[in-house]
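Enquirer: File follows, model08.cif with mmCIF, C-alpha atoms and all ligand atoms; chains and numbers go by the auth columns:
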```
data_my_file
loop_
_atom_site.group_PDB
_atom_site.id
_atom_site.type_symbol
_atom_site.label_atom_id
_atom_site.label_comp_id
_atom_site.label_asym_id
_atom_site.label_seq_id
_atom_site.Cartn_x
_atom_site.Cartn_y
_atom_site.Cartn_z
_atom_site.B_iso_or_equiv
_atom_site.auth_seq_id
_atom_site.auth_asym_id
ATOM 1 C CA MET A 1 -19.420 97.368 7.576 0.00 20 A
ATOM 2 C CA ALA A 2 -21.534 94.669 9.071 0.00 21 A
ATOM 3 C CA ILE A 3 -24.425 94.725 11.461 0.00 22 A
ATOM 4 C CA LEU A 4 -24.319 91.604 13.555 0.00 23 A
ATOM 5 C CA LYS A 5 -27.159 89.663 15.097 0.00 24 A
ATOM 6 C CA VAL A 6 -27.483 90.368 18.821 0.00 25 A
ATOM 7 C CA ALA A 7 -27.651 87.384 21.189 0.00 26 A
ATOM 8 C CA ARG A 8 -30.691 87.497 23.456 0.00 27 A
ATOM 9 C CA MET A 9 -31.105 86.392 27.041 0.00 28 A
ATOM 10 C CA GLY A 10 -31.203 82.611 27.160 0.00 29 A
ATOM 11 C CA ASN A 11 -28.315 82.251 24.729 0.00 30 A
ATOM 12 C CA PRO A 12 -25.494 80.544 26.647 0.00 31 A
ATOM 13 C CA VAL A 13 -22.899 82.849 25.046 0.00 32 A
ATOM 14 C CA LEU A 14 -24.205 85.589 27.362 0.00 33 A
ATOM 15 C CA ARG A 15 -23.657 83.436 30.437 0.00 34 A
ATOM 16 C CA VAL A 16 -20.011 82.404 30.315 0.00 35 A
ATOM 17 C CA ARG A 17 -16.839 84.257 31.185 0.00 36 A
ATOM 18 C CA ALA A 18 -15.437 85.615 27.917 0.00 37 A
ATOM 19 C CA ASP A 19 -11.812 84.939 26.992 0.00 38 A
ATOM 20 C CA GLU A 20 -8.989 87.455 27.176 0.00 39 A
ATOM 21 C CA VAL A 21 -7.834 88.724 23.797 0.00 40 A
ATOM 22 C CA PRO A 22 -4.139 87.846 23.414 0.00 41 A
ATOM 23 C CA MET A 23 -2.065 91.003 22.931 0.00 42 A
ATOM 24 C CA ALA A 24 -0.598 89.584 19.692 0.00 43 A
ATOM 25 C CA GLU A 25 -4.070 89.221 18.184 0.00 44 A
ATOM 26 C CA ILE A 26 -5.417 92.703 18.789 0.00 45 A
ATOM 27 C CA LYS A 27 -4.183 94.013 15.437 0.00 46 A
ATOM 28 C CA SER A 28 -5.260 90.905 13.532 0.00 47 A
ATOM 29 C CA PRO A 29 -7.845 91.397 10.773 0.00 48 A
ATOM 30 C CA ARG A 30 -10.297 89.228 12.707 0.00 49 A
ATOM 31 C CA ILE A 31 -10.225 91.360 15.868 0.00 50 A
ATOM 32 C CA GLN A 32 -10.116 94.650 13.957 0.00 51 A
ATOM 33 C CA LYS A 33 -13.163 93.589 11.941 0.00 52 A
ATOM 34 C CA LEU A 34 -14.964 92.510 15.097 0.00 53 A
ATOM 35 C CA ILE A 35 -14.338 95.936 16.667 0.00 54 A
ATOM 36 C CA GLN A 36 -15.675 97.693 13.566 0.00 55 A
ATOM 37 C CA ASP A 37 -18.714 95.420 13.496 0.00 56 A
ATOM 38 C CA LEU A 38 -19.364 96.087 17.185 0.00 57 A
ATOM 39 C CA LYS A 39 -19.387 99.836 16.460 0.00 58 A
ATOM 40 C CA ASP A 40 -21.732 99.375 13.503 0.00 59 A
ATOM 41 C CA THR A 41 -24.055 97.108 15.459 0.00 60 A
ATOM 42 C CA MET A 42 -24.172 99.436 18.480 0.00 61 A
ATOM 43 C CA GLU A 43 -25.027 102.416 16.261 0.00 62 A
ATOM 44 C CA GLU A 44 -27.626 100.517 14.250 0.00 63 A
ATOM 45 C CA TYR A 45 -29.541 99.596 17.399 0.00 64 A
ATOM 46 C CA GLY A 46 -29.064 102.923 19.145 0.00 65 A
ATOM 47 C CA GLY A 47 -27.104 101.452 22.041 0.00 66 A
ATOM 48 C CA ILE A 48 -24.592 103.426 24.081 0.00 67 A
ATOM 49 C CA GLY A 49 -22.454 100.381 24.663 0.00 68 A
ATOM 50 C CA ILE A 50 -21.997 96.835 23.470 0.00 69 A
ATOM 51 C CA ALA A 51 -19.846 93.865 24.398 0.00 70 A
ATOM 52 C CA ALA A 52 -18.490 91.123 22.138 0.00 71 A
ATOM 53 C CA PRO A 53 -20.489 88.285 23.779 0.00 72 A
ATOM 54 C CA GLN A 54 -23.626 90.137 22.659 0.00 73 A
ATOM 55 C CA VAL A 55 -22.622 89.433 19.056 0.00 74 A
ATOM 56 C CA HIS A 56 -21.776 85.782 19.795 0.00 75 A
ATOM 57 C CA GLU A 57 -18.021 86.367 20.250 0.00 76 A
ATOM 58 C CA SER A 58 -16.867 85.245 23.671 0.00 77 A
ATOM 59 C CA LEU A 59 -14.034 87.747 23.937 0.00 78 A
ATOM 60 C CA ARG A 60 -13.271 90.495 26.456 0.00 79 A
ATOM 61 C CA ILE A 61 -13.988 93.502 24.240 0.00 80 A
ATOM 62 C CA SER A 62 -16.526 96.228 24.875 0.00 81 A
ATOM 63 C CA ILE A 63 -17.334 99.638 23.515 0.00 82 A
ATOM 64 C CA VAL A 64 -19.038 102.662 25.047 0.00 83 A
ATOM 65 C CA ARG A 65 -20.139 105.822 23.303 0.00 84 A
ATOM 66 C CA ILE A 66 -22.613 108.383 24.599 0.00 85 A
ATOM 67 C CA PRO A 67 -23.472 110.838 21.830 0.00 86 A
ATOM 68 C CA ALA A 68 -23.947 114.553 22.497 0.00 87 A
ATOM 69 C CA ASN A 69 -27.544 115.676 22.824 0.00 88 A
ATOM 70 C CA SER A 70 -28.773 112.140 22.520 0.00 89 A
ATOM 71 C CA GLU A 71 -32.514 111.975 22.064 0.00 90 A
ATOM 72 C CA ARG A 72 -32.643 108.807 24.123 0.00 91 A
ATOM 73 C CA TYR A 73 -30.344 110.089 26.852 0.00 92 A
ATOM 74 C CA PRO A 74 -30.827 113.859 26.953 0.00 93 A
ATOM 75 C CA ASP A 75 -29.383 114.179 30.448 0.00 94 A
ATOM 76 C CA ALA A 76 -26.383 111.941 29.896 0.00 95 A
ATOM 77 C CA GLU A 77 -23.032 113.606 29.548 0.00 96 A
ATOM 78 C CA GLU A 78 -21.377 113.020 26.185 0.00 97 A
ATOM 79 C CA SER A 79 -18.633 110.426 26.147 0.00 98 A
ATOM 80 C CA PRO A 80 -16.476 109.770 23.073 0.00 99 A
ATOM 81 C CA LEU A 81 -16.188 106.302 21.634 0.00 100 A
ATOM 82 C CA GLN A 82 -13.941 104.196 23.853 0.00 101 A
ATOM 83 C CA ILE A 83 -12.919 100.627 23.188 0.00 102 A
ATOM 84 C CA PHE A 84 -11.724 98.458 26.067 0.00 103 A
ATOM 85 C CA ILE A 85 -10.030 95.126 25.578 0.00 104 A
ATOM 86 C CA ASN A 86 -9.361 92.944 28.646 0.00 105 A
ATOM 87 C CA PRO A 87 -10.576 95.655 31.054 0.00 106 A
ATOM 88 C CA ILE A 88 -9.987 95.559 34.797 0.00 107 A
ATOM 89 C CA VAL A 89 -12.184 97.617 37.100 0.00 108 A
ATOM 90 C CA GLU A 90 -11.217 99.113 40.431 0.00 109 A
ATOM 91 C CA VAL A 91 -13.908 100.698 42.573 0.00 110 A
ATOM 92 C CA LEU A 92 -12.847 104.157 43.799 0.00 111 A
ATOM 93 C CA ASP A 93 -16.077 105.008 45.585 0.00 112 A
ATOM 94 C CA SER A 94 -18.361 102.149 46.535 0.00 113 A
ATOM 95 C CA THR A 95 -21.273 104.470 47.316 0.00 114 A
ATOM 96 C CA GLU A 96 -24.088 103.040 45.254 0.00 115 A
ATOM 97 C CA GLN A 97 -26.092 104.919 42.655 0.00 116 A
ATOM 98 C CA THR A 98 -29.237 103.677 40.993 0.00 117 A
ATOM 99 C CA PHE A 99 -30.278 103.952 37.356 0.00 118 A
ATOM 100 C CA TRP A 100 -32.811 102.294 35.105 0.00 119 A
ATOM 101 C CA GLU A 101 -30.981 99.868 32.866 0.00 120 A
ATOM 102 C CA GLY A 102 -31.920 98.103 29.677 0.00 121 A
ATOM 103 C CA CYS A 103 -29.963 95.877 27.347 0.00 122 A
ATOM 104 C CA LEU A 104 -29.950 95.053 23.645 0.00 123 A
ATOM 105 C CA SER A 105 -29.835 91.393 24.726 0.00 124 A
ATOM 106 C CA VAL A 106 -32.960 91.778 26.896 0.00 125 A
ATOM 107 C CA PRO A 107 -35.194 93.704 24.512 0.00 126 A
ATOM 108 C CA ASP A 108 -38.112 95.822 25.636 0.00 127 A
ATOM 109 C CA MET A 109 -37.385 95.639 29.342 0.00 128 A
ATOM 110 C CA ARG A 110 -36.021 97.947 32.043 0.00 129 A
ATOM 111 C CA GLY A 111 -35.039 97.548 35.649 0.00 130 A
ATOM 112 C CA LEU A 112 -33.486 99.566 38.450 0.00 131 A
ATOM 113 C CA VAL A 113 -29.900 98.619 39.231 0.00 132 A
ATOM 114 C CA SER A 114 -27.552 99.945 41.914 0.00 133 A
ATOM 115 C CA ARG A 115 -23.810 100.053 41.316 0.00 134 A
ATOM 116 C CA PRO A 116 -20.735 101.838 42.713 0.00 135 A
ATOM 117 C CA ARG A 117 -20.586 105.446 41.537 0.00 136 A
ATOM 118 C CA HIS A 118 -16.896 105.916 40.753 0.00 137 A
ATOM 119 C CA ILE A 119 -14.511 103.447 39.118 0.00 138 A
ATOM 120 C CA ARG A 120 -11.110 103.285 37.455 0.00 139 A
ATOM 121 C CA ILE A 121 -10.761 101.155 34.339 0.00 140 A
ATOM 122 C CA THR A 122 -7.486 99.809 33.005 0.00 141 A
ATOM 123 C CA GLY A 123 -7.326 97.956 29.709 0.00 142 A
ATOM 124 C CA LEU A 124 -6.110 98.039 26.153 0.00 143 A
ATOM 125 C CA ASP A 125 -7.459 99.992 23.197 0.00 144 A
ATOM 126 C CA GLU A 126 -7.894 98.797 19.620 0.00 145 A
ATOM 127 C CA THR A 127 -4.189 99.380 18.891 0.00 146 A
ATOM 128 C CA GLY A 128 -3.078 97.385 21.932 0.00 147 A
ATOM 129 C CA ALA A 129 -2.045 100.514 23.844 0.00 148 A
ATOM 130 C CA LYS A 130 -2.760 100.686 27.556 0.00 149 A
ATOM 131 C CA VAL A 131 -5.693 102.910 28.486 0.00 150 A
ATOM 132 C CA GLN A 132 -6.709 104.021 31.939 0.00 151 A
ATOM 133 C CA ILE A 133 -9.695 106.209 32.688 0.00 152 A
ATOM 134 C CA GLU A 134 -11.934 107.070 35.586 0.00 153 A
ATOM 135 C CA ALA A 135 -15.694 107.057 35.196 0.00 154 A
ATOM 136 C CA GLU A 136 -18.283 108.517 37.529 0.00 155 A
ATOM 137 C CA ASP A 137 -22.047 108.773 37.755 0.00 156 A
ATOM 138 C CA PHE A 138 -24.046 107.504 34.768 0.00 157 A
ATOM 139 C CA LEU A 139 -20.916 106.672 32.754 0.00 158 A
ATOM 140 C CA ALA A 140 -19.636 104.452 35.568 0.00 159 A
ATOM 141 C CA THR A 141 -22.883 102.495 35.433 0.00 160 A
ATOM 142 C CA VAL A 142 -22.649 102.133 31.640 0.00 161 A
ATOM 143 C CA TYR A 143 -19.144 100.693 31.873 0.00 162 A
ATOM 144 C CA GLN A 144 -20.033 98.328 34.690 0.00 163 A
ATOM 145 C CA HIS A 145 -23.029 97.063 32.721 0.00 164 A
ATOM 146 C CA GLU A 146 -20.793 96.450 29.685 0.00 165 A
ATOM 147 C CA PHE A 147 -18.058 94.724 31.643 0.00 166 A
ATOM 148 C CA ASP A 148 -20.611 92.489 33.362 0.00 167 A
ATOM 149 C CA HIS A 149 -21.308 91.078 29.888 0.00 168 A
ATOM 150 C CA LEU A 150 -17.686 89.872 29.797 0.00 169 A
ATOM 151 C CA ASP A 151 -18.341 87.837 32.946 0.00 170 A
ATOM 152 C CA GLY A 152 -21.645 86.323 31.867 0.00 171 A
ATOM 153 C CA ILE A 153 -23.729 88.679 34.008 0.00 172 A
ATOM 154 C CA LEU A 154 -26.867 90.481 32.790 0.00 173 A
ATOM 155 C CA TYR A 155 -28.388 93.530 34.470 0.00 174 A
ATOM 156 C CA VAL A 156 -31.484 91.514 35.342 0.00 175 A
ATOM 157 C CA ASP A 157 -29.264 89.550 37.755 0.00 176 A
ATOM 158 C CA ARG A 158 -28.598 92.776 39.659 0.00 177 A
ATOM 159 C CA ALA A 159 -31.924 94.573 39.219 0.00 178 A
ATOM 160 C CA GLN A 160 -34.336 95.092 42.077 0.00 179 A
ATOM 161 C CA PRO A 161 -36.741 92.292 41.081 0.00 180 A
ATOM 162 C CA LYS A 162 -39.951 94.215 41.585 0.00 181 A
ATOM 163 C CA THR A 163 -38.794 97.034 39.315 0.00 182 A
ATOM 164 C CA LEU A 164 -38.404 94.846 36.205 0.00 183 A
ATOM 165 C CA SER A 165 -40.749 96.374 33.659 0.00 184 A
ATOM 166 C CA PHE A 166 -41.621 95.959 30.028 0.00 185 A
ATOM 167 C CA GLN A 167 -40.756 99.018 27.958 0.00 186 A
ATOM 168 C CA ALA A 168 -44.392 100.076 27.455 0.00 187 A
ATOM 169 C CA GLU A 169 -45.096 99.886 31.190 0.00 188 A
ATOM 170 C CA TYR A 170 -41.822 101.643 31.947 0.00 189 A
ATOM 171 C CA ASP A 171 -42.848 104.464 29.600 0.00 190 A
ATOM 172 C CA LYS A 172 -46.291 104.649 31.172 0.00 191 A
ATOM 173 C CA TYR A 173 -45.430 104.436 34.856 0.00 192 A
ATOM 174 C CA TRP A 174 -41.751 105.152 35.375 0.00 193 A
ATOM 175 C CA ALA A 175 -40.221 107.297 32.631 0.00 194 A
ATOM 176 C CA GLY A 176 -39.294 110.761 33.813 0.00 195 A
ATOM 177 C CA THR A 177 -39.127 109.749 37.450 0.00 196 A
ATOM 178 C CA GLY A 178 -35.753 111.387 37.713 0.00 197 A
ATOM 179 C CA LEU A 179 -33.429 108.507 37.045 0.00 198 A
ATOM 180 C CA GLU A 180 -31.738 108.206 33.706 0.00 199 A
ATOM 181 C CA SER A 181 -32.113 105.097 31.671 0.00 200 A
ATOM 182 C CA LEU A 182 -29.507 103.285 29.668 0.00 201 A
ATOM 183 C CA ASP A 183 -29.928 100.719 26.962 0.00 202 A
ATOM 184 C CA ASP A 184 -26.938 98.730 25.824 0.00 203 A
HETATM 185 NI NI NI B . -26.296 94.984 27.916 0.00 301 A
#
```
Show how you would write the structure in this file as C-alpha cells.
Expert:
Amino acid sequence: MAILKVARMGNPVLRVRADEVPMAEIKSPRIQKLIQDLKDTMEEYGGIGIAAPQVHESLRISIVRIPANSERYPDAEESPLQIFINPIVEVLDSTEQTFWEGCLSVPDMRGLVSRPRHIRITGLDETGAKVQIEAEDFLATVYQHEFDHLDGILYVDRAQPKTLSFQAEYDKYWAGTGLESLDD
C-alpha cells in the first residue's frame, strides 16, 4: 500500500495527453502496483475518482468509486469501484447538466461545469478484459472529469469562470444550492 503525492495545477504532467497502456503491460507488476496505489491515494484523500496523471504517471488509467451513504456526497448514487484503462467515451445524450466540481489537483476550489448527461464508456479493466458501461447524471460527470485528466484538461478549463470559488466561500455562499458537488 502506498499513498502517492498528488500533482497540483501548474505541474506539466497534468497538461499533456497521457499515453495508452499497452495491452501486454496491464498485468505487469508496475501497472498493477500503480492501480493499487491509485486506489489507496483516492481513498486517503476522500476522492471519488482519480487519474494516473494526478500521481505523476502519464498513463491512460482512471478509477471511479462512489461509496454508499457518502458523507461528502449524500445525494450521489453509489457506484462500485471501476477501473478504466485506455477509455473511449461516446456521448449518448448531449443534453448538458451542471454540477459543482472540485479536484484533488486543484485543492480548496469549486466551480460549476456543464457536461453531457449520458455517455457510454469502452475500455479495459485491470485484468485487460474489455469493459463497457453507460453512465448518466452525476456519474457521467464524474467519469468525464476523470477522463479529461487523461487529455491534459482540468475542470477549471470548462468551468463557468465567474463561479470559481474557494472552498470556504463555496461553503458559505453556494453549498446546498441544489447541485451536487464532486471532488476528484
Ligand atoms: Ni480531478
Enquirer: Take the PyMOL selection byres (((not hetatm)) within 8 of (chain A and resi 301)), apply it to the structure above, and return the hits as a list of chain:residue names.
Expert: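 So the PyMOL selection byres (((not hetatm)) within 8 of (chain A and resi 301)), applied here, picks out A:Gly68, A:Ile69, A:Ala70, A:Gln73, A:Gly121, A:Cys122, A:Leu123, A:Ser124, A:Val125, A:His164, A:Glu165, A:His168, A:Leu173, A:Tyr174, A:Asp202, A:Asp203.
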Enquirer: Under the rule that only C-alpha atoms are counted, which of A:Glu109, A:Pro99, A:Gln116, A:Asp144 is the nearest residue to Ser81 in chain A?
Expert: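 Selected residue with least distance to Ser81 in chain A: A:Asp144.
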Enquirer: Can you spell out as a list of chain:residue names the set of residues that the PyMOL selection byres (((chain A and resi 137) around 7) and not hetatm) selects in the structure I just provided?
Expert: A:Val110, A:Leu111, A:Asp112, A:Pro135, A:Arg136, A:Ile138, A:Ala154, A:Glu155, A:Asp156, A:Ala159
Enquirer: Got a sec to check which residues sit within 10 Å of (-4.5, 100.9, 30.0), counting only C-alpha atoms, and write them as a PyMOL selection string?
Expert: chain A and resi 103-107+140-144+147-152
Enquirer: Go ahead and save the residues from that selection, with C-alpha atoms, as a PDB file, keeping the file's coordinate frame.
Expert:
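And here's out_16.pdb as it stands now:
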```pdb
ATOM      1  CA  PHE A 103     -11.724  98.458  26.067  1.00  0.00           C
ATOM      2  CA  ILE A 104     -10.030  95.126  25.578  1.00  0.00           C
ATOM      3  CA  ASN A 105      -9.361  92.944  28.646  1.00  0.00           C
ATOM      4  CA  PRO A 106     -10.576  95.655  31.054  1.00  0.00           C
ATOM      5  CA  ILE A 107      -9.987  95.559  34.797  1.00  0.00           C
ATOM      6  CA  ILE A 140     -10.761 101.155  34.339  1.00  0.00           C
ATOM      7  CA  THR A 141      -7.486  99.809  33.005  1.00  0.00           C
ATOM      8  CA  GLY A 142      -7.326  97.956  29.709  1.00  0.00           C
ATOM      9  CA  LEU A 143      -6.110  98.039  26.153  1.00  0.00           C
ATOM     10  CA  ASP A 144      -7.459  99.992  23.197  1.00  0.00           C
ATOM     11  CA  GLY A 147      -3.078  97.385  21.932  1.00  0.00           C
ATOM     12  CA  ALA A 148      -2.045 100.514  23.844  1.00  0.00           C
ATOM     13  CA  LYS A 149      -2.760 100.686  27.556  1.00  0.00           C
ATOM     14  CA  VAL A 150      -5.693 102.910  28.486  1.00  0.00           C
ATOM     15  CA  GLN A 151      -6.709 104.021  31.939  1.00  0.00           C
ATOM     16  CA  ILE A 152      -9.695 106.209  32.688  1.00  0.00           C
TER      17      ILE A 152
END
```
Enquirer: Quote the spacing between CA of Gln55 in chain A and CA of Leu33 in chain A in Å to one decimal place.
Expert: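 Taking CA of Gln55 in chain A and CA of Leu33 in chain A, their separation equals 20.2 Å.
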Enquirer: Starting from the PyMOL selection byres (((chain A and resi 74) around 8) and not hetatm), expand the selection into actual residues of this file and give them as a list in words.
Expert: Leu23, Lys24, Val25, Ala26, Leu57, Ala70, Ala71, Pro72, Gln73, His75 and Glu76 of chain A
Enquirer: Please measure the separation of CA of Ala178 in chain A and CA of Phe166 in chain A, giving the value in Å to one decimal.
Expert: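 These atoms are spaced 15.8 Å apart.
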Enquirer: Out of A:Ile67, A:Thr196, A:Ile102, A:Met20, which residue has the shortest atom-to-atom distance to Ile85 in chain A when counting only C-alpha atoms?
Expert: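 The answer is A:Ile67, which sits nearest to Ile85 in chain A.
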Enquirer: If we count all atoms listed in the file, what is near range 179-182 of chain A at a cut-off of 7 Å, once residues fewer than 5 positions away on the same chain are taken out, given as number ranges by chain?
Expert: A: 130-132
Enquirer: For each of A:Pro86, A:Glu145, A:Leu100, A:Tyr64, take the minimum atom-to-atom distance to Gln51 in chain A, counting all atoms listed in the file, then give the residue where this is smallest.
Expert: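 Among the listed residues, the smallest separation from Gln51 in chain A belongs to A:Glu145.
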